[in-house]
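Asker: One structure follows; several queries about it will come next.
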Amino acid sequence: MGSALSPYLQQHADNPVAWQEWNAGTLAFAREHDRPLFVSVGYSTCHWCHVMAADTFSSTAVADYLNEHFVPVKVDREERPDIDRYMMEFLVALSGQGGWPLNVFLSPDIKPIFALTYASVEPRYGMPGFVDILKKVHVHYEENRATLQEFPVQGADFRTQTQAEVPQLVERIHHAYDTEYGGFGSGQKFPPHTTLLFLLHTPEIDTDTQSQQVLRGTLDAMARGGLHDHLGGGFFRYCTDTQWTIPHFEKMLYDQALLLWNYSAAFQVLKEERYRRVARGIVACLERSFSVDSLLISAHDADTNHEEGVTYIWSDEELKAALSAPQLELAHSLFQLKPGGNFEGKHHLILQRFPEPGEEQQYAELTQALLEQRQRRPQPFADKKIVTSWNALAGCGLIAAYRYGVDDTALERADRLHAALKAAHYDQGRLLHSSLNGESTDFEFLDDYAAFAVFTSMLEEHHPGQHAELLGELVAGIERFRSERGWIGANNKDFIPIPENDYDSPVPSPGALAELALSRIHFQLGTQNQRRGTGYSRALIADFRNIVAMGDAGLRHEYKLTDNADFSQLPIYSICKHAEHNEYCFQGACRKLP
């Protein structure tokens, strides 16, 4: 475990549990000794994974029973999304809800027995202690091993897909909008990345005042509230309440990538200067906190020294010590600094209003002073694993930042990121999923090929012909994941093939990314497109697929240009290719341009 390429697995190397990695040798051992597998799935920045590691998996009683009667296996969900997807679907089917750590008992031939999330050594939360759970599962396996059933993972459920047109999908989004606090739904609030992108790409966005209200309300709530790191510039993973007040403090690369894409596009569409400032903050966060040798690491933990959020919160005394008197006065004017704080007796910074234009410079100085003080504190653990698809999505965000006037240097950064990612993970037609300290895993996934292809396709619009050969190779790589029943998300030799669904959770679905990549590349290369048109799917669940469906329905602005395009002058949903004459097409109607 100590030599694993996953920081999450390395974190468990000192447990008394005899953790094994998921591989052919581990599976062969389980079959040979007829021992069920105990598979625990998580990730390095997962708070409750840390709690279970320090509590349950550090117990000698738990370890002794696990090691004797099971084959304990640790899986990093970010390294093996195929295994995670299978286990999570079984847990949800069994209990109606999911989460991490995700703990599943399997027969040696991968038939699931039982699943649960966090469990402590002692009875708690109405559940028995973990050793008692282990004993019951072991007895159940001994008595029922011959009757265990396989669990089929479902692909995209085409029966639930609507035949709606764009206005109907938009209406459903409007109906689900939280008019009081922004975003969608109640309870925990996650950034609705792909729903916002869908609204921004709809044809009527320039005149649709209700969609603009949904966009402004949600973008403002996220930028003003506790989801936003007002000092470091990035965003946390989600808020634990419907008011966007207190976040779960981990930072994920994919959130920075998709929010950069969103805020950059929103600045272009809605012309609000605050969205450009937010997008610039995300770029700064990527440079400061995620960038290593032109690549971007995966995540930062929620915990610091086993306490959640302590790096980010402030006492009244700490604010007074870090700020001048005028800065402190401005802080009280801008931030919600209520007596007693809002998080464990301290203040997690939340804006009660955005700074006025005349306050921008003072606000920048205030946040810089606090950031410098915060950087002197102990920092959360950083997962330095490089994930292909997340880096590629960040590249798309950087290109959007360049196109829409957020950062003139962002295209150069995207070029460097692309070159570094290709050098690190692409070899002789194979695109590998992840690496750590320059050593790559040997797994391949559809989302990596698809996201990297979209990223490469967007760069091709700025450098015509430079990436044409690679685009052709990526099309071939994507097509290897197609089956008669639809897309296969993964087809690794040590696990069963996993059919791909169409929901975005929280990144765009791999199938939707693949469809977008193929649509763009076939247009750019002028190759024959044998794809069937993508149908619309469920609003709020599969919105990235709906972006693709809009394009397939002709609701994409297609330009053939003799010179490079100025994307700041084009509609958001545009695609360009180099040609010998200028031409514009929309909804099947084409016309020559001067």
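As shown in the structure tokens, the chain order sets the letters A, B, ...; within each chain, residues go from 1, and ligands are also counted from 1 in the order they appear.
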Could you name the residues that touch segment 324-331 of chain A at 7 Å or less, counting only C-alpha atoms, but leaving out those on the same chain fewer than 4 positions away, as number ranges by chain?
Answerer: A: 320, 335, 366
Asker: Would you mind exporting the chosen residues as a PDB file, in the first residue's frame, restricted to N, CA and C atoms?
Answerer:
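Final output, saved to out12.pdb:
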```pdb
ATOM      1  N   LYS A 320      -8.575  41.393  13.508  1.00  0.00           N
ATOM      2  CA  LYS A 320      -8.020  42.666  13.983  1.00  0.00           C
ATOM      3  C   LYS A 320      -6.503  42.699  13.817  1.00  0.00           C
ATOM      4  N   PHE A 335     -18.420  41.916   4.661  1.00  0.00           N
ATOM      5  CA  PHE A 335     -18.635  40.533   5.076  1.00  0.00           C
ATOM      6  C   PHE A 335     -19.680  40.429   6.195  1.00  0.00           C
ATOM      7  N   LEU A 366      -7.360  44.232   1.034  1.00  0.00           N
ATOM      8  CA  LEU A 366      -7.863  43.575   2.237  1.00  0.00           C
ATOM      9  C   LEU A 366      -7.754  42.052   2.109  1.00  0.00           C
TER      10      LEU A 366
END
```
Asker: In terms of the shortest atom-to-atom distance over only C-alpha atoms, which of A:Ala24, A:Val137, A:Ala401, A:Ala257 is closest to Lys493 of chain A?
Answerer: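 That would be A:Ala24, the residue with the smallest distance to Lys493 of chain A.
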Asker: Go through A:Met252, A:Val51, A:Leu446, A:Val73 one by one, measure the shortest atom-to-atom distance of each to Asn23 of chain A using only C-alpha atoms, and give the residue with the smallest value.
Answerer: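 Ranking A:Met252, A:Val51, A:Leu446, A:Val73 by distance to Asn23 of chain A, first place goes to A:Val73.
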Asker: Record the distance separating atom CA of Phe29 of chain A and atom CA of Val75 of chain A, expressed in Å with one decimal.
Answerer: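 Result for atom CA of Phe29 of chain A versus atom CA of Val75 of chain A: 16.9 Å, one decimal.
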Asker: Tell me, as a ChimeraX atom specification, which residues lie within 8 Å of Trp487 of chain A, counting only C-alpha atoms; anything in the same chain fewer than 4 positions away does not count.
Answerer: /A:481-483,499-500,511
Asker: Restrict the selected residues to N, CA and C atoms and save them as a tab-separated table (two decimals), in the first residue's frame.
Answerer:
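In the end it all went to again36.tsv:
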```
chain	number	residue	atom	x	y	z
A	481	PHE	N	-14.81	2.68	-27.02
A	481	PHE	CA	-15.71	2.57	-25.87
A	481	PHE	C	-17.17	2.47	-26.29
A	482	ARG	N	-17.42	2.35	-27.57
A	482	ARG	CA	-18.80	2.24	-28.04
A	482	ARG	C	-19.20	0.77	-28.10
A	483	SER	N	-20.42	0.48	-27.67
A	483	SER	CA	-20.96	-0.87	-27.76
A	483	SER	C	-22.32	-0.81	-28.44
A	499	PRO	N	-21.42	0.07	-18.26
A	499	PRO	CA	-22.13	0.91	-19.23
A	499	PRO	C	-22.25	2.34	-18.70
A	500	GLU	N	-22.22	3.29	-19.60
A	500	GLU	CA	-22.21	4.69	-19.21
A	500	GLU	C	-23.62	5.25	-19.13
A	511	GLY	N	-20.42	10.00	-21.68
A	511	GLY	CA	-21.09	9.82	-22.96
A	511	GLY	C	-21.40	11.13	-23.65
```
Asker: Can you measure atom CA of Val548 of chain A to atom CA of Gln524 of chain A for me? One decimal in Å is fine.
Answerer: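 If I compute the distance from atom CA of Val548 of chain A to atom CA of Gln524 of chain A, I get 15.7 Å.
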Asker: Show which residues sit within 12 Å of Glu412 of chain A, as a tab-separated table (two decimals) with N, CA and C atoms, in the first residue's frame. Count only C-alpha atoms, and ignore same-chain residues fewer than 5 positions away.
Answerer:
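As a result, result.tsv now contains:
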```
chain	number	residue	atom	x	y	z
A	294	SER	N	3.15	22.73	-14.97
A	294	SER	CA	2.16	22.98	-16.03
A	294	SER	C	0.96	22.06	-15.97
A	395	GLY	N	-8.54	22.87	-18.88
A	395	GLY	CA	-8.09	23.48	-20.13
A	395	GLY	C	-9.23	24.15	-20.87
A	398	LEU	N	-9.89	27.39	-19.13
A	398	LEU	CA	-8.89	28.40	-19.46
A	398	LEU	C	-9.13	28.99	-20.85
A	399	ILE	N	-9.52	28.17	-21.80
A	399	ILE	CA	-9.80	28.68	-23.14
A	399	ILE	C	-10.99	29.63	-23.10
A	401	ALA	N	-11.84	31.44	-20.56
A	401	ALA	CA	-11.35	32.67	-19.93
A	401	ALA	C	-10.63	33.56	-20.93
A	402	TYR	N	-9.88	32.95	-21.85
A	402	TYR	CA	-9.19	33.72	-22.89
A	402	TYR	C	-10.20	34.30	-23.88
A	403	ARG	N	-11.13	33.49	-24.33
A	403	ARG	CA	-12.05	33.92	-25.38
A	403	ARG	C	-12.94	35.09	-24.95
A	407	ASP	N	-8.84	36.72	-19.16
A	407	ASP	CA	-7.40	36.65	-18.96
A	407	ASP	C	-6.73	36.46	-20.32
A	417	LEU	N	-0.62	23.46	-20.64
A	417	LEU	CA	-1.31	22.36	-19.97
A	417	LEU	C	-1.54	21.20	-20.93
A	418	HIS	N	-1.97	21.50	-22.14
A	418	HIS	CA	-2.23	20.46	-23.14
A	418	HIS	C	-0.95	19.70	-23.47
A	419	ALA	N	0.12	20.44	-23.71
A	419	ALA	CA	1.40	19.79	-24.06
A	419	ALA	C	1.89	18.90	-22.92
A	459	LEU	N	-8.68	23.95	-28.71
A	459	LEU	CA	-7.38	24.52	-29.08
A	459	LEU	C	-7.20	24.58	-30.59
A	462	HIS	N	-8.00	27.72	-32.33
A	462	HIS	CA	-7.04	28.82	-32.21
A	462	HIS	C	-5.74	28.53	-32.95
A	463	HIS	N	-5.47	27.26	-33.22
A	463	HIS	CA	-4.24	26.87	-33.93
A	463	HIS	C	-4.61	25.92	-35.05
```
Asker: DSSP on the backbone: what in segment 26-159 of chain A comes out strand (DSSP E or B), as a ChimeraX atom specification?
Answerer: /A:37-42,71-76,102-106,112-116,124,127
Asker: Can I get the residues of segment 332-413 of chain A within 12 Å of segment 185-199 of chain A, each with the closest pair of atoms and their distance in Å to one decimal, using only C-alpha atoms, sorted chain first then ascending number, as JSON lines?
Answerer:
```
{"residue": "A:Leu393", "atom": "CA", "partner": "A:His193", "partner_atom": "CA", "distance": 11.9}
{"residue": "A:Gly397", "atom": "CA", "partner": "A:Leu197", "partner_atom": "CA", "distance": 11.6}
{"residue": "A:Ala400", "atom": "CA", "partner": "A:Leu197", "partner_atom": "CA", "distance": 11.8}
```
Asker: For the residues selected in the previous step, produce a file with C-alpha atoms as a PDB file, in the first residue's frame.
Answerer:
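File written: selection.pdb
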```
ATOM      1  CA  LEU A 393     -11.834  20.298 -18.348  1.00  0.00           C
ATOM      2  CA  GLY A 397     -12.156  26.623 -18.719  1.00  0.00           C
ATOM      3  CA  ALA A 400     -13.162  30.185 -22.182  1.00  0.00           C
TER       4      ALA A 400
END
```
Asker: Show me, as a list of chain:residue names, the residues that have an atom within 7 Å of Arg556 of chain A when counting only C-alpha atoms, minus same-chain residues fewer than 6 positions from it.
Answerer: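 So the residues in contact are A:Met550, A:Tyr573, A:Ser574, A:Phe586.
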Asker: For N, CA and C atoms, I'd like the residues from the last selection saved as a PDB file, in the first residue's frame.
Answerer:
```
ATOM      1  N   MET A 550     -28.729  20.102 -28.534  1.00  0.00           N
ATOM      2  CA  MET A 550     -29.010  21.369 -29.207  1.00  0.00           C
ATOM      3  C   MET A 550     -28.146  21.507 -30.457  1.00  0.00           C
ATOM      4  N   TYR A 573     -22.468  29.542 -28.124  1.00  0.00           N
ATOM      5  CA  TYR A 573     -22.483  28.189 -28.684  1.00  0.00           C
ATOM      6  C   TYR A 573     -22.063  28.257 -30.145  1.00  0.00           C
ATOM      7  N   SER A 574     -20.765  28.438 -30.351  1.00  0.00           N
ATOM      8  CA  SER A 574     -20.200  28.532 -31.694  1.00  0.00           C
ATOM      9  C   SER A 574     -19.062  27.539 -31.842  1.00  0.00           C
ATOM     10  N   PHE A 586     -26.595  28.028 -39.374  1.00  0.00           N
ATOM     11  CA  PHE A 586     -27.387  27.893 -38.149  1.00  0.00           C
ATOM     12  C   PHE A 586     -28.740  27.310 -38.519  1.00  0.00           C
TER      13      PHE A 586
END
```
Asker: Show which residues sit within 12 Å of Asn437 of chain A, as a list in words. Count only C-alpha atoms, and ignore same-chain residues fewer than 4 positions away.
Answerer: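 Close residues of Asn437 of chain A: Ser3, Ala4, Leu5, Ser6, Pro7, Val292, Asp293, Leu295, Ile297, Asp383, Lys384, Lys385, Ile386, Ala424 and Thr441 of chain A.
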Asker: With N, CA and C atoms retained, write the just-selected residues as a JSON list (two decimals), in the first residue's frame.
Answerer:
```
[["chain", "number", "residue", "atom", "x", "y", "z"],
["A", 3, "SER", "N", 3.51, 1.86, -1.51],
["A", 3, "SER", "CA", 4.04, 2.17, -2.84],
["A", 3, "SER", "C", 2.95, 2.41, -3.87],
["A", 4, "ALA", "N", 1.68, 2.48, -3.44],
["A", 4, "ALA", "CA", 0.57, 2.69, -4.37],
["A", 4, "ALA", "C", 0.68, 4.06, -5.01],
["A", 5, "LEU", "N", 0.10, 4.20, -6.20],
["A", 5, "LEU", "CA", 0.10, 5.47, -6.91],
["A", 5, "LEU", "C", -1.06, 6.36, -6.49],
["A", 6, "SER", "N", -1.77, 5.98, -5.47],
["A", 6, "SER", "CA", -2.89, 6.76, -4.96],
["A", 6, "SER", "C", -2.56, 7.32, -3.59],
["A", 7, "PRO", "N", -2.60, 8.64, -3.40],
["A", 7, "PRO", "CA", -2.42, 9.19, -2.06],
["A", 7, "PRO", "C", -3.44, 8.66, -1.06],
["A", 292, "VAL", "N", 1.38, 22.31, -10.91],
["A", 292, "VAL", "CA", 2.68, 21.69, -10.69],
["A", 292, "VAL", "C", 3.23, 21.30, -12.05],
["A", 293, "ASP", "N", 4.30, 21.97, -12.47],
["A", 293, "ASP", "CA", 4.95, 21.65, -13.74],
["A", 293, "ASP", "C", 3.96, 21.68, -14.91],
["A", 295, "LEU", "N", 0.94, 21.08, -15.05],
["A", 295, "LEU", "CA", -0.21, 20.23, -14.85],
["A", 295, "LEU", "C", -0.95, 20.67, -13.59],
["A", 297, "ILE", "N", -3.03, 19.45, -10.06],
["A", 297, "ILE", "CA", -3.28, 18.37, -9.12],
["A", 297, "ILE", "C", -4.78, 18.24, -8.84],
["A", 383, "ASP", "N", -3.82, 16.45, -2.59],
["A", 383, "ASP", "CA", -3.71, 15.23, -3.38],
["A", 383, "ASP", "C", -3.07, 15.62, -4.71],
["A", 384, "LYS", "N", -1.83, 15.19, -4.92],
["A", 384, "LYS", "CA", -1.07, 15.62, -6.10],
["A", 384, "LYS", "C", -1.21, 14.67, -7.29],
["A", 385, "LYS", "N", -2.22, 13.82, -7.22],
["A", 385, "LYS", "CA", -2.52, 12.95, -8.35],
["A", 385, "LYS", "C", -2.97, 13.81, -9.54],
["A", 386, "ILE", "N", -2.53, 13.46, -10.74],
["A", 386, "ILE", "CA", -2.92, 14.16, -11.97],
["A", 386, "ILE", "C", -3.96, 13.32, -12.68],
["A", 424, "ALA", "N", 2.62, 13.51, -20.56],
["A", 424, "ALA", "CA", 2.58, 12.69, -19.35],
["A", 424, "ALA", "C", 1.68, 11.46, -19.49],
["A", 441, "THR", "N", -0.76, 5.27, -13.96],
["A", 441, "THR", "CA", -1.54, 4.05, -13.87],
["A", 441, "THR", "C", -1.74, 3.48, -15.28]]
```
Asker: One decimal, Å: what's the distance from atom CA of Ala299 of chain A over to atom CA of Asn391 of chain A, could you say?
Answerer: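 Taking atom CA of Ala299 of chain A as the start and atom CA of Asn391 of chain A as the end point, the length is 11.6 Å.
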